[in-house]
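See below for query03.pdb, which holds PDB, C-alpha atoms.
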ATOM      1  CA  MET A   1       0.000   0.000   0.000
ATOM      2  CA  ILE A   2       1.212   3.491  -0.871
ATOM      3  CA  LYS A   3       2.127   5.768   2.026
ATOM      4  CA  LEU A   4       2.257   9.426   1.066
ATOM      5  CA  ARG A   5       4.635  11.334   3.349
ATOM      6  CA  THR A   6       2.496  14.362   4.109
ATOM      7  CA  LEU A   7       3.001  17.881   5.430
ATOM      8  CA  ILE A   8       0.055  19.981   6.630
ATOM      9  CA  ILE A   9       0.122  23.783   6.911
ATOM     10  CA  ASP A  10      -2.451  26.127   8.440
ATOM     11  CA  ASP A  11      -2.081  29.266  10.551
ATOM     12  CA  GLU A  12      -5.218  28.456  12.560
ATOM     13  CA  PRO A  13      -4.365  25.950  15.352
ATOM     14  CA  LEU A  14      -7.877  24.455  15.476
ATOM     15  CA  ALA A  15      -7.985  23.981  11.702
ATOM     16  CA  LEU A  16      -4.532  22.355  11.792
ATOM     17  CA  LYS A  17      -5.600  20.003  14.583
ATOM     18  CA  LEU A  18      -8.854  19.090  12.810
ATOM     19  CA  LEU A  19      -7.135  18.339   9.515
ATOM     20  CA  GLY A  20      -4.449  16.308  11.255
ATOM     21  CA  SER A  21      -6.995  14.202  13.115
ATOM     22  CA  LYS A  22      -8.927  13.466   9.925
ATOM     23  CA  LEU A  23      -5.810  12.556   7.931
ATOM     24  CA  LYS A  24      -4.642  10.136  10.636
ATOM     25  CA  ASN A  25      -7.695   8.002   9.793
ATOM     26  CA  ILE A  26      -6.537   7.580   6.192
ATOM     27  CA  PRO A  27      -4.058   4.660   5.988
ATOM     28  CA  GLU A  28      -2.342   5.987   2.852
ATOM     29  CA  ILE A  29      -1.278   9.157   4.685
ATOM     30  CA  GLU A  30       1.790   9.489   6.925
ATOM     31  CA  ILE A  31       2.054  12.933   8.513
ATOM     32  CA  VAL A  32       5.734  13.927   8.756
ATOM     33  CA  ALA A  33       5.287  17.486  10.073
ATOM     34  CA  GLN A  34       2.785  20.256  10.782
ATOM     35  CA  CYS A  35       3.429  23.957  10.179
ATOM     36  CA  ASN A  36       1.763  27.164  11.318
ATOM     37  CA  ASN A  37       2.932  29.552   8.603
ATOM     38  CA  GLY A  38       4.511  29.862   5.174
ATOM     39  CA  ARG A  39       8.066  30.247   6.476
ATOM     40  CA  GLU A  40       7.823  26.960   8.376
ATOM     41  CA  ALA A  41       6.220  25.301   5.351
ATOM     42  CA  ILE A  42       9.142  26.187   3.084
ATOM     43  CA  ALA A  43      11.729  24.963   5.584
ATOM     44  CA  ALA A  44       9.826  21.732   6.307
ATOM     45  CA  THR A  45       9.345  20.939   2.609
ATOM     46  CA  ILE A  46      13.082  21.293   2.020
ATOM     47  CA  GLU A  47      13.923  19.218   5.110
ATOM     48  CA  PHE A  48      11.394  16.394   4.833
ATOM     49  CA  GLU A  49      10.840  16.295   1.037
ATOM     50  CA  PRO A  50       7.200  15.166   1.445
ATOM     51  CA  ASP A  51       5.149  13.531  -1.298
ATOM     52  CA  LEU A  52       2.084  15.660  -0.517
ATOM     53  CA  ILE A  53       1.247  18.902   1.286
ATOM     54  CA  PHE A  54      -2.079  20.247   2.477
ATOM     55  CA  LEU A  55      -1.591  24.001   2.213
ATOM     56  CA  ASP A  56      -3.774  26.795   3.550
ATOM     57  CA  ILE A  57      -3.893  29.708   1.110
ATOM     58  CA  GLN A  58      -4.809  32.648   3.300
ATOM     59  CA  MET A  59      -2.006  33.005   5.843
ATOM     60  CA  PRO A  60      -0.269  36.142   7.133
ATOM     61  CA  GLY A  61       3.214  36.852   5.815
ATOM     62  CA  ILE A  62       3.936  34.275   3.129
ATOM     63  CA  ASP A  63       0.585  32.899   1.965
ATOM     64  CA  GLY A  64      -0.005  29.564   0.274
ATOM     65  CA  PHE A  65       0.693  30.922  -3.191
ATOM     66  CA  GLY A  66       3.913  32.487  -1.890
ATOM     67  CA  VAL A  67       5.031  29.107  -0.569
ATOM     68  CA  ILE A  68       4.539  27.535  -4.004
ATOM     69  CA  LYS A  69       6.467  30.308  -5.739
ATOM     70  CA  LYS A  70       9.425  29.983  -3.388
ATOM     71  CA  LEU A  71       9.745  26.222  -3.794
ATOM     72  CA  GLN A  72      11.866  24.884  -6.605
ATOM     73  CA  THR A  73       9.929  22.825  -9.138
ATOM     74  CA  GLU A  74      12.158  19.818  -8.492
ATOM     75  CA  ILE A  75      11.286  19.675  -4.785
ATOM     76  CA  LEU A  76       7.656  20.751  -4.993
ATOM     77  CA  PRO A  77       5.404  17.873  -3.874
ATOM     78  CA  LEU A  78       1.788  17.289  -4.800
ATOM     79  CA  VAL A  79      -0.341  20.098  -3.386
ATOM     80  CA  ILE A  80      -3.893  20.134  -2.031
ATOM     81  CA  PHE A  81      -5.033  23.624  -1.069
ATOM     82  CA  THR A  82      -7.351  24.159   1.879
ATOM     83  CA  THR A  83      -9.274  27.360   1.325
ATOM     84  CA  ALA A  84     -12.284  29.527   2.005
ATOM     85  CA  PHE A  85     -11.743  31.385  -1.289
ATOM     86  CA  GLU A  86     -14.507  32.966  -3.290
ATOM     87  CA  GLN A  87     -16.078  31.100  -6.185
ATOM     88  CA  TYR A  88     -14.041  32.884  -8.883
ATOM     89  CA  ALA A  89     -10.853  31.385  -7.415
ATOM     90  CA  LEU A  90     -12.390  27.934  -7.155
ATOM     91  CA  ASP A  91     -13.399  28.162 -10.819
ATOM     92  CA  ALA A  92      -9.748  28.849 -11.691
ATOM     93  CA  PHE A  93      -8.651  25.806  -9.684
ATOM     94  CA  ASP A  94     -11.208  23.641 -11.476
ATOM     95  CA  VAL A  95     -10.142  24.834 -14.935
ATOM     96  CA  HIS A  96      -6.474  24.096 -14.239
ATOM     97  CA  ALA A  97      -7.072  20.783 -12.423
ATOM     98  CA  VAL A  98      -5.700  22.035  -9.096
ATOM     99  CA  ASP A  99      -6.916  20.059  -6.096
ATOM    100  CA  TYR A 100      -8.479  21.892  -3.179
ATOM    101  CA  ILE A 101     -10.664  21.307  -0.140
ATOM    102  CA  LEU A 102     -13.172  23.988   0.710
ATOM    103  CA  LYS A 103     -13.402  24.997   4.353
ATOM    104  CA  PRO A 104     -15.078  23.896   6.566
ATOM    105  CA  ILE A 105     -13.346  20.599   5.838
ATOM    106  CA  ASP A 106     -15.306  17.351   5.692
ATOM    107  CA  ASP A 107     -14.257  13.699   5.398
ATOM    108  CA  GLU A 108     -15.719  13.141   1.940
ATOM    109  CA  HIS A 109     -13.745  15.941   0.288
ATOM    110  CA  ILE A 110     -10.525  14.957   2.056
ATOM    111  CA  GLN A 111     -10.845  11.363   0.868
ATOM    112  CA  ARG A 112     -11.562  12.495  -2.695
ATOM    113  CA  ALA A 113      -8.526  14.783  -2.731
ATOM    114  CA  VAL A 114      -6.275  12.077  -1.281
ATOM    115  CA  SER A 115      -7.502   9.549  -3.873
ATOM    116  CA  ARG A 116      -6.605  11.984  -6.653
ATOM    117  CA  ALA A 117      -3.190  12.573  -5.110
ATOM    118  CA  ILE A 118      -2.510   8.826  -4.950
ATOM    119  CA  GLN A 119      -3.497   8.435  -8.585
ATOM    120  CA  ARG A 120      -1.226  11.301  -9.651
ATOM    121  CA  PHE A 121       1.619   9.962  -7.528
ATOM    122  CA  GLU A 122       1.308   6.492  -9.063
ATOM    123  CA  THR A 123       1.306   7.894 -12.616
ATOM    124  CA  GLY A 124       4.255  10.211 -11.947
ATOM    125  CA  GLU A 125       2.367  13.458 -12.492
ATOM    126  CA  THR A 126       4.223  15.341  -9.767
ATOM    127  CA  ARG A 127       6.327  17.305 -12.272
ATOM    128  CA  GLU A 128       3.146  18.618 -13.880
ATOM    129  CA  ASN A 129       1.962  20.004 -10.559
ATOM    130  CA  LYS A 130       3.513  23.460 -10.579
ATOM    131  CA  PRO A 131       2.385  24.495 -14.101
ATOM    132  CA  LYS A 132      -1.227  23.720 -13.141
ATOM    133  CA  ILE A 133      -0.979  25.780  -9.961
ATOM    134  CA  ILE A 134       0.727  28.653 -11.774
ATOM    135  CA  GLY A 135      -2.036  28.655 -14.350
ATOM    136  CA  ALA A 136      -4.633  28.958 -11.596
ATOM    137  CA  ILE A 137      -2.655  31.685  -9.789
ATOM    138  CA  ASN A 138      -2.330  33.627 -13.045
ATOM    139  CA  GLU A 139      -6.064  33.384 -13.627
ATOM    140  CA  ILE A 140      -6.879  34.501 -10.083
ATOM    141  CA  ASN A 141      -4.419  37.403 -10.256
ATOM    142  CA  LEU A 142      -5.824  38.482 -13.620
ATOM    143  CA  ARG A 143      -9.362  38.623 -12.260
ATOM    144  CA  GLU A 144      -8.179  40.624  -9.256
ATOM    145  CA  LYS A 145      -6.304  43.049 -11.521
ATOM    146  CA  ARG A 146      -9.415  43.578 -13.610
ATOM    147  CA  ALA A 147     -11.431  44.286 -10.476
ATOM    148  CA  ASP A 148      -8.864  46.858  -9.335
ATOM    149  CA  ALA A 149      -8.153  48.325 -12.776
ATOM    150  CA  HIS A 150      -9.799  51.678 -12.080
ATOM    151  CA  GLU A 151      -7.609  52.203  -9.031
ATOM    152  CA  ASN A 152      -4.313  51.474 -10.770
ATOM    153  CA  ASN A 153      -4.181  53.863 -13.715
ATOM    154  CA  GLN A 154      -0.593  54.960 -13.348
ATOM    155  CA  THR A 155       1.611  56.352 -16.076
ATOM    156  CA  ASP A 156       5.093  54.916 -16.251
ATOM    157  CA  LYS A 157       7.936  57.384 -16.117
ATOM    158  CA  PRO A 158      10.184  57.476 -19.186
ATOM    159  CA  THR A 159      13.360  55.476 -18.850
ATOM    160  CA  SER A 160      16.630  57.345 -19.017
ATOM    161  CA  LEU A 161      19.029  56.250 -21.718
ATOM    162  CA  ASP A 162      21.942  56.656 -19.323
ATOM    163  CA  ASN A 163      23.404  53.557 -17.724
ATOM    164  CA  ILE A 164      21.057  51.232 -19.601
ATOM    165  CA  GLU A 165      20.980  47.820 -17.947
ATOM    166  CA  ARG A 166      19.993  44.501 -19.444
ATOM    167  CA  LYS A 167      16.335  43.772 -18.775
ATOM    168  CA  ILE A 168      13.710  41.066 -19.135
ATOM    169  CA  VAL A 169      10.288  41.880 -20.571
ATOM    170  CA  ILE A 170       7.286  40.048 -19.131
ATOM    171  CA  LYS A 171       3.972  40.267 -20.969
ATOM    172  CA  ASP A 172       0.792  39.361 -19.133
ATOM    173  CA  ARG A 173      -2.229  39.972 -21.357
ATOM    174  CA  ASP A 174      -2.431  43.772 -21.552
ATOM    175  CA  ASN A 175       0.279  44.396 -18.943
ATOM    176  CA  ILE A 176       4.005  44.630 -19.620
ATOM    177  CA  THR A 177       6.565  44.463 -16.798
ATOM    178  CA  ILE A 178      10.213  45.301 -17.387
ATOM    179  CA  LEU A 179      12.647  43.807 -14.879
ATOM    180  CA  LYS A 180      16.260  44.777 -14.427
ATOM    181  CA  GLN A 181      18.318  41.622 -14.600
ATOM    182  CA  SER A 182      20.261  42.709 -11.517
ATOM    183  CA  GLU A 183      17.002  42.460  -9.514
ATOM    184  CA  ILE A 184      16.407  38.811 -10.482
ATOM    185  CA  GLU A 185      17.517  36.404  -7.735
ATOM    186  CA  TRP A 186      16.667  33.041  -9.277
ATOM    187  CA  ILE A 187      14.483  31.441 -11.919
ATOM    188  CA  ASP A 188      12.872  28.035 -12.119
ATOM    189  CA  ALA A 189      11.024  26.302 -14.901
ATOM    190  CA  ALA A 190       7.438  25.103 -14.658
ATOM    191  CA  GLY A 191       6.317  23.473 -17.884
ATOM    192  CA  ASP A 192       5.921  26.116 -20.575
ATOM    193  CA  TYR A 193       6.478  28.876 -18.001
ATOM    194  CA  VAL A 194       9.321  30.189 -15.897
ATOM    195  CA  CYS A 195       9.017  31.722 -12.432
ATOM    196  CA  ILE A 196      11.275  34.771 -12.129
ATOM    197  CA  HIS A 197      11.942  35.534  -8.475
ATOM    198  CA  THR A 198      12.884  38.996  -7.194
ATOM    199  CA  ASP A 199      13.034  40.199  -3.603
ATOM    200  CA  ALA A 200       9.531  41.632  -3.731
ATOM    201  CA  GLU A 201       7.631  39.398  -6.137
ATOM    202  CA  THR A 202       7.569  36.321  -8.334
ATOM    203  CA  HIS A 203       6.803  36.993 -11.989
ATOM    204  CA  ILE A 204       5.494  34.393 -14.428
ATOM    205  CA  LYS A 205       6.751  34.454 -18.024
ATOM    206  CA  ARG A 206       5.832  32.129 -20.866
ATOM    207  CA  SER A 207       9.221  30.815 -21.974
ATOM    208  CA  THR A 208      11.501  27.822 -21.716
ATOM    209  CA  LEU A 209      14.498  27.995 -19.411
ATOM    210  CA  LYS A 210      16.820  27.435 -22.364
ATOM    211  CA  ASN A 211      15.413  30.368 -24.344
ATOM    212  CA  LEU A 212      15.448  32.690 -21.351
ATOM    213  CA  LEU A 213      19.054  31.804 -20.549
ATOM    214  CA  GLN A 214      20.071  33.212 -23.939
ATOM    215  CA  ASP A 215      18.772  36.643 -22.881
ATOM    216  CA  LEU A 216      20.462  36.682 -19.472
ATOM    217  CA  ASP A 217      23.892  38.071 -18.618
ATOM    218  CA  PRO A 218      26.111  34.939 -18.638
ATOM    219  CA  SER A 219      28.588  36.495 -16.207
ATOM    220  CA  ILE A 220      26.110  36.448 -13.306
ATOM    221  CA  PHE A 221      23.401  33.925 -14.257
ATOM    222  CA  LYS A 222      24.297  30.226 -14.059
ATOM    223  CA  ARG A 223      22.261  27.080 -14.406
ATOM    224  CA  VAL A 224      22.503  24.945 -11.260
ATOM    225  CA  HIS A 225      19.789  22.409 -12.026
ATOM    226  CA  ARG A 226      17.990  21.341 -15.160
ATOM    227  CA  SER A 227      15.062  23.466 -14.010
ATOM    228  CA  THR A 228      16.865  26.283 -12.166
ATOM    229  CA  ILE A 229      19.034  29.348 -12.853
ATOM    230  CA  VAL A 230      20.543  31.509 -10.103
ATOM    231  CA  ASN A 231      22.023  34.985  -9.982
ATOM    232  CA  LEU A 232      25.448  34.404  -8.401
ATOM    233  CA  ASN A 233      25.351  37.817  -6.749
ATOM    234  CA  TYR A 234      22.536  36.694  -4.427
ATOM    235  CA  ILE A 235      24.200  33.573  -3.030
ATOM    236  CA  GLN A 236      24.519  34.067   0.739
ATOM    237  CA  LYS A 237      25.451  30.569   1.817
ATOM    238  CA  VAL A 238      26.306  27.165   0.331
ATOM    239  CA  ILE A 239      24.873  24.273   2.349
ATOM    240  CA  PRO A 240      26.130  20.697   1.662
ATOM    241  CA  HIS A 241      23.395  18.152   1.011
ATOM    242  CA  THR A 242      23.326  14.403   0.352
ATOM    243  CA  LYS A 243      24.875  12.607  -2.643
ATOM    244  CA  GLY A 244      27.167  15.474  -3.628
ATOM    245  CA  GLU A 245      24.348  18.010  -3.953
ATOM    246  CA  PHE A 246      24.151  21.496  -2.435
ATOM    247  CA  PHE A 247      21.538  23.978  -1.347
ATOM    248  CA  LEU A 248      22.111  27.658  -2.063
ATOM    249  CA  LYS A 249      20.640  30.120   0.417
ATOM    250  CA  LEU A 250      19.620  33.187  -1.588
ATOM    251  CA  GLY A 251      17.472  35.132   0.844
ATOM    252  CA  GLU A 252      15.604  34.844   4.099
ATOM    253  CA  TYR A 253      13.400  32.014   2.810
ATOM    254  CA  ASP A 254      14.766  30.981  -0.593
ATOM    255  CA  GLN A 255      16.896  27.850  -0.855
ATOM    256  CA  VAL A 256      17.732  26.322  -4.226
ATOM    257  CA  LYS A 257      19.036  22.810  -4.771
ATOM    258  CA  VAL A 258      22.142  22.342  -6.936
ATOM    259  CA  SER A 259      22.236  18.973  -8.683
ATOM    260  CA  ARG A 260      25.401  16.912  -9.034
ATOM    261  CA  ASN A 261      25.581  17.643 -12.753
ATOM    262  CA  TYR A 262      25.998  21.362 -12.035
ATOM    263  CA  ARG A 263      28.024  21.342  -8.800
ATOM    264  CA  ASP A 264      31.197  22.382 -10.672
ATOM    265  CA  VAL A 265      29.487  25.706 -11.391
ATOM    266  CA  ILE A 266      29.305  26.430  -7.671
ATOM    267  CA  LYS A 267      32.817  25.130  -6.985
ATOM    268  CA  SER A 268      34.116  27.463  -9.678
ATOM    269  CA  PHE A 269      32.181  30.367  -8.185
ATOM    270  CA  LEU A 270      33.556  29.662  -4.702
ATOM    271  CA  SER A 271      37.142  29.442  -5.937
ATOM    272  CA  GLU A 272      36.815  32.812  -7.669
ATOM    273  CA  SER A 273      35.155  34.557  -4.696
TER
END

Step by step, read the file and then write its structure as C-alpha cells.
Amino acid sequence: MIKLRTLIIDDEPLALKLLGSKLKNIPEIEIVAQCNNGREAIAATIEFEPDLIFLDIQMPGIDGFGVIKKLQTEILPLVIFTTAFEQYALDAFDVHAVDYILKPIDDEHIQRAVSRAIQRFETGETRENKPKIIGAINEINLREKRADAHENNQTDKPTSLDNIERKIVIKDRDNITILKQSEIEWIDAAGDYVCIHTDAETHIKRSTLKNLLQDLDPSIFKRVHRSTIVNLNYIQKVIPHTKGEFFLKLGEYDQVKVSRNYRDVIKSFLSES
C-alpha cells in the first residue's frame, strides 16, 4: 500500500488540529510534520521532502501561493489547497485541475482529494503540478487586476538612456513588466512557463528555461539544475546536502538545490570569490 509522506500547513491551530486528526484516519497518509505559517512550510518541505502537502492559502506573511512560488519545481510535492476562497478562485482551480478542499473541511472531500493525489503519484504526475498551480494563480491574479483596474491607472515614467541595464520583458495579457536583470535572484522552470523571483515578487513568463538563458547576462546567471538558474550575486550561503548536492541560500526564505551535474558551477564560483 502506498504511504504518502504528508506535510500539513495552516495558521489556525484548530484547523490544523482538525485536519491532522482526519488525515490520521486515512491509511495511505503518513504525517511527517505540521506547520503554522509559510516560512515553516518552506523549511519543512526542504527538510522532509514530502510527497504531498495540504496548504492553507490565506495566511499572514507568506501565503499559500507564496510558498509555491518559493519552492523549486524539483522539490515541490503534490499540493492540495485548503481554502475559504470565493467562487471565482475555485473556478480557476477547477479549470487548471488544481486540487483543493473547501473549508469547513469534511471527510468526503478529504478522501476524494487524497484519492486523486494517490493516482497522480502512481502515474508520476508530480512534475506537472507546478504548471497547473501557476495557471490557476495567473487566472486569479488576472481577475483581481481587472477588479482593481480603475484604481491602478498609473503612467510609467520614461526610462533614461543613461546607464542602460539589461532587462527582461514580461507580458501578461495587456500588462508589460520590465525587470532589471540585476534584480532577479533566481528562476525556475514550470512546464511552458518560468518563475522569475525577485526580492519583492515572483513573476510568471511564458518561456523555456533554455530560451530565457540566452537573454540573461552569462557572467552572473548560471544554471545549477535542469530546471533552475541563479544569480550568483545573491548567493549568501552554500549548504552541503546528500549525494554530492548542495543547497544555495539566496534570501531569508529561498533555498535552491544544486544537482550533481551542475556542482562544478558552484565550486568554480567559490574558488573565484

Can you measure CA of Leu216 (chain A) to CA of Thr202 (chain A) for me? One decimal in Å is fine.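 Separation between CA of Leu216 (chain A) and CA of Thr202 (chain A): 17.0 Å.
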
### Query
Any chance you could work out the residue set of the PyMOL selection byres ((chain A and resi 198) around 7) here, as an NGL selection string?
:A and (183-185 or 196-197 or 199-202)

Selection near Asn36 (chain A), 8 Å with all atoms listed in the file, sequence-local residues under 2 positions removed, as a PyMOL selection string: chain A and resi 9-13+16+34+38+40-41

- Message: Can you pull out the residues contacting Pro50 (chain A)? Cut-off 12 Å, using only C-alpha atoms, and skip same-chain residues under 3 positions away; I want them as a PyMOL selection string.
- Response: chain A and resi 3-8+29-34+41-47+53-54+75-79+121+126

Check your understanding: Around (25.7, 36.0, -14.3) in the file's own coordinates, what residues are found within 10 Å if you use all atoms listed in the file, given back as a PyMOL selection string?
Key -> chain A and resi 181-182+216-223+229-233

(request) Evaluate the PyMOL selection byres ((chain A and resi 57) around 9) here and jot the selected residues down as a PyMOL selection string. (result) chain A and resi 10+55-56+58-59+63-66+81-85

Applying 6 Å and all atoms listed in the file, which residues near Phe247 (chain A) remain after dropping the ones on its own chain fewer than 6 positions away? List them as a PyMOL selection string.
chain A and resi 238-239+256-258

Skip region 136-144 of chain A itself and residues of its chain fewer than 5 positions away, then list as a short mmCIF file (atom, residue, chain, number, x, y, z; two decimals) with C-alpha atoms, in the frame of the given file all residues within 12 Å of it, counting only C-alpha atoms.
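Just written: selection.cif:
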data_model
loop_
_atom_site.label_atom_id
_atom_site.label_comp_id
_atom_site.auth_asym_id
_atom_site.auth_seq_id
_atom_site.Cartn_x
_atom_site.Cartn_y
_atom_site.Cartn_z
CA ILE A 57 -3.89 29.71 1.11
CA GLY A 64 0.00 29.56 0.27
CA PHE A 65 0.69 30.92 -3.19
CA GLY A 66 3.91 32.49 -1.89
CA ILE A 68 4.54 27.54 -4.00
CA LYS A 69 6.47 30.31 -5.74
CA PHE A 81 -5.03 23.62 -1.07
CA PHE A 85 -11.74 31.38 -1.29
CA GLU A 86 -14.51 32.97 -3.29
CA GLN A 87 -16.08 31.10 -6.18
CA TYR A 88 -14.04 32.88 -8.88
CA ALA A 89 -10.85 31.38 -7.42
CA LEU A 90 -12.39 27.93 -7.16
CA ASP A 91 -13.40 28.16 -10.82
CA ALA A 92 -9.75 28.85 -11.69
CA PHE A 93 -8.65 25.81 -9.68
CA ASP A 94 -11.21 23.64 -11.48
CA VAL A 95 -10.14 24.83 -14.94
CA HIS A 96 -6.47 24.10 -14.24
CA ALA A 97 -7.07 20.78 -12.42
CA VAL A 98 -5.70 22.04 -9.10
CA ASP A 99 -6.92 20.06 -6.10
CA TYR A 100 -8.48 21.89 -3.18
CA ASN A 129 1.96 20.00 -10.56
CA LYS A 130 3.51 23.46 -10.58
CA PRO A 131 2.38 24.50 -14.10
CA ALA A 149 -8.15 48.32 -12.78
CA HIS A 150 -9.80 51.68 -12.08
CA GLU A 151 -7.61 52.20 -9.03
CA ASN A 152 -4.31 51.47 -10.77
CA ASP A 172 0.79 39.36 -19.13
CA ARG A 173 -2.23 39.97 -21.36
CA ASP A 174 -2.43 43.77 -21.55
CA ASN A 175 0.28 44.40 -18.94
CA TYR A 193 6.48 28.88 -18.00
CA CYS A 195 9.02 31.72 -12.43
CA THR A 202 7.57 36.32 -8.33
CA HIS A 203 6.80 36.99 -11.99
CA ILE A 204 5.49 34.39 -14.43
CA LYS A 205 6.75 34.45 -18.02
CA ARG A 206 5.83 32.13 -20.87
#

Query raised in the report: Could you write out as a count of residues only the residues that the PyMOL selection byres ((chain A and resi 208) around 10) matches in the shown file?
Result: 16

From CA of Glu122 (chain A) to CA of Glu108 (chain A) the spacing works out at 21.3 Å

*CA of Val169 (chain A) to CA of Glu252 (chain A), distance in Å rounded to a single decimal*: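 The value is 26.2 Å.
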